[in-house]
Each structure stands twice: as C-alpha cells, then as structure tokens.
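A.B. asks: Structure supplied as model.txt; contents: compact mmCIF, C-alpha atoms.
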```
# COMPACT_ATOMS: atom_id res chain seq x y z
CA MET A 28 7.54 9.93 -13.10
CA SER A 29 8.90 9.76 -9.57
CA ILE A 30 6.81 10.26 -6.42
CA ARG A 31 8.27 10.93 -2.98
CA PRO A 32 5.62 10.63 -0.25
CA LEU A 33 5.56 13.33 2.42
CA GLN A 34 5.51 12.91 6.22
CA ASP A 35 4.06 9.52 7.25
CA ARG A 36 2.65 8.59 3.84
CA VAL A 37 3.50 5.38 1.99
CA LEU A 38 3.22 4.53 -1.73
CA VAL A 39 2.03 0.92 -2.19
CA GLU A 40 1.68 -1.18 -5.34
CA PRO A 41 -1.30 -3.52 -4.77
CA LEU A 42 -0.68 -7.22 -5.38
CA GLU A 43 -2.79 -8.87 -8.07
CA ALA A 44 -6.13 -10.32 -6.94
CA GLU A 45 -6.55 -14.07 -7.10
CA THR A 46 -8.22 -15.17 -10.34
CA LYS A 47 -8.83 -18.80 -9.28
CA THR A 48 -10.24 -20.39 -6.16
CA VAL A 49 -8.43 -23.20 -4.35
CA GLY A 50 -10.72 -25.64 -6.16
CA GLY A 51 -9.72 -24.24 -9.59
CA ILE A 52 -12.83 -22.18 -10.35
CA ILE A 53 -12.00 -19.01 -12.34
CA ILE A 54 -13.33 -15.83 -10.73
CA PRO A 55 -14.61 -13.15 -13.17
CA ASP A 56 -13.19 -9.62 -12.84
CA SER A 57 -16.51 -8.23 -11.62
CA ALA A 58 -16.57 -10.64 -8.64
CA GLN A 59 -12.93 -10.31 -7.56
CA GLU A 60 -12.16 -8.80 -4.17
CA LYS A 61 -10.18 -5.58 -4.01
CA PRO A 62 -6.60 -6.54 -3.04
CA GLN A 63 -5.63 -5.82 0.55
CA GLN A 64 -1.93 -6.54 0.26
CA GLY A 65 0.76 -4.67 -1.58
CA LYS A 66 4.45 -3.96 -1.93
CA VAL A 67 5.85 -0.71 -0.52
CA VAL A 68 7.39 1.33 -3.35
CA ALA A 69 8.33 4.51 -1.44
CA VAL A 70 8.01 5.94 2.07
CA GLY A 71 8.05 9.45 3.50
CA PRO A 72 10.59 10.63 6.07
CA GLY A 73 8.24 10.24 9.04
CA LYS A 74 5.75 12.07 11.22
CA ARG A 75 6.90 15.37 12.72
CA ALA A 76 5.90 15.88 16.37
CA ASP A 77 4.98 19.25 17.90
CA SER A 78 8.52 19.43 19.30
CA GLY A 79 9.92 19.24 15.75
CA LYS A 80 11.37 15.75 16.14
CA VAL A 81 10.75 13.41 13.18
CA THR A 82 9.64 9.88 14.08
CA PRO A 83 10.72 7.45 11.31
CA LEU A 84 8.26 4.95 9.83
CA ASP A 85 8.18 1.25 10.73
CA VAL A 86 7.73 0.16 7.10
CA LYS A 87 10.44 0.39 4.45
CA LYS A 88 10.71 0.10 0.69
CA GLY A 89 10.24 -3.51 -0.44
CA ASP A 90 8.03 -4.62 2.50
CA THR A 91 4.82 -6.50 1.71
CA VAL A 92 2.03 -4.99 3.79
CA MET A 93 -1.64 -5.57 4.62
CA TYR A 94 -4.03 -2.62 4.62
CA GLY A 95 -7.75 -2.00 5.04
CA LYS A 96 -10.15 -2.58 2.15
CA TRP A 97 -11.02 1.12 1.80
CA SER A 98 -7.64 2.58 2.86
CA GLY A 99 -5.68 5.17 0.95
CA THR A 100 -6.17 6.97 -2.33
CA GLU A 101 -5.68 5.33 -5.72
CA VAL A 102 -3.21 7.13 -8.01
CA GLN A 103 -1.76 6.38 -11.45
CA VAL A 104 2.06 6.30 -11.67
CA ASP A 105 3.59 5.52 -15.10
CA GLY A 106 0.38 3.72 -16.11
CA LYS A 107 0.31 1.55 -12.97
CA SER A 108 -2.41 1.74 -10.35
CA MET A 109 -0.89 2.50 -6.92
CA MET A 110 -2.20 3.42 -3.48
CA ILE A 111 -0.92 6.29 -1.35
CA MET A 112 -1.86 6.05 2.32
CA SER A 113 -0.84 7.07 5.79
CA GLU A 114 1.23 4.55 7.76
CA THR A 115 -1.66 4.29 10.22
CA ASP A 116 -3.78 2.71 7.43
CA ILE A 117 -1.31 -0.20 7.28
CA MET A 118 -2.32 -3.07 9.57
CA GLY A 119 0.85 -5.15 9.37
CA ILE A 120 3.93 -6.33 7.50
CA VAL A 121 3.65 -9.77 5.87
CA GLY A 122 6.76 -11.77 6.65
```
Output the file's structure in the form of structure tokens.
C.D. replies:
Amino acid sequence: MSIRPLQDRVLVEPLEAETKTVGGIIIPDSAQEKPQQGKVVAVGPGKRADSGKVTPLDVKKGDTVMYGKWSGTEVQVDGKSMMIMSETDIMGIVG
C-alpha cells in the first residue's frame, strides 16, 4: 500500500526504542519510552496559503526527525507502525 500525505503532513517511521541502558541493563517492553525520533518516509506538497501559493516543507524523504511524545496519529502501513503528523509537530532534523 502506498500513502501520499496531503498538504503539510509527513509520514514518519519511528526508530526502535532502546532496549538496553548505557550500563547494560535490559529494559522490559512495558517500561520502554515511546520513541521520539523517526525517519521521514513521505511528505506532502506543502501548506497552501490564502493567496493560493503553496509553501514547500522544510523536511524531505529520508530525514531523521525529532517529534513530541504525543504528536501525530499512529497508522499501520504494510504491517508497520508509522506516524502521520503535521510538519509543525516536528521539532527538528537530526543531523
């Protein structure tokens, strides 16, 4: 299945949560933090202003981004858990 986000929306594949601490302690699934970083899979064309002009997005496919803990909506795409969110929910690009 193929998804093409609309307007300023971005499809993000969350990165896996850490399963070990720096000291080597294994973290059980129930105690793991929700991931707040992901890889951009697809982006919409941009936000349309009242004048009709489309402003392109700052993020692009392949970028690794940081987003808020409760940002976006979780969707299933080909059996994978993904997040679809507005570009304004993205806090930054990890470089």
A.B. asks: Around all the atoms of range 76-81 of chain A listed in the file, with 6 Å of room on each side, what axis-aligned box do you get, giving centre and edge lengths in Å to one decimal, as lines of an AutoDock Vina configuration file?
C.D. replies:
```
center_x = 8.2
center_y = 16.4
center_z = 16.2
size_x = 18.4
size_y = 18.0
size_z = 18.1
```
A.B. asks: Could you check the closest approach to Gly122 in chain A for each of A:Glu101, A:Gln64, A:Ser78, A:Ser108 and tell me which residue wins, using all atoms listed in the file?
C.D. replies: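 Residue with the minimum atom-to-atom distance to Gly122 in chain A: A:Gln64.
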A.B. asks: Which value, in Å to one decimal, gives the distance between CA of Val121 in chain A and CA of Val37 in chain A?
C.D. replies: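 Computing it gives 15.6 Å between the two atoms.
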A.B. asks: Quote the spacing between CA of Asp116 in chain A and CA of Gly89 in chain A in Å to one decimal place.
C.D. replies: 17.2 Å
A.B. asks: So what do you get for CA of Glu40 in chain A versus CA of Gly119 in chain A, distance-wise?
C.D. replies: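 Spanning CA of Glu40 in chain A to CA of Gly119 in chain A is a straight-line distance of 15.3 Å.
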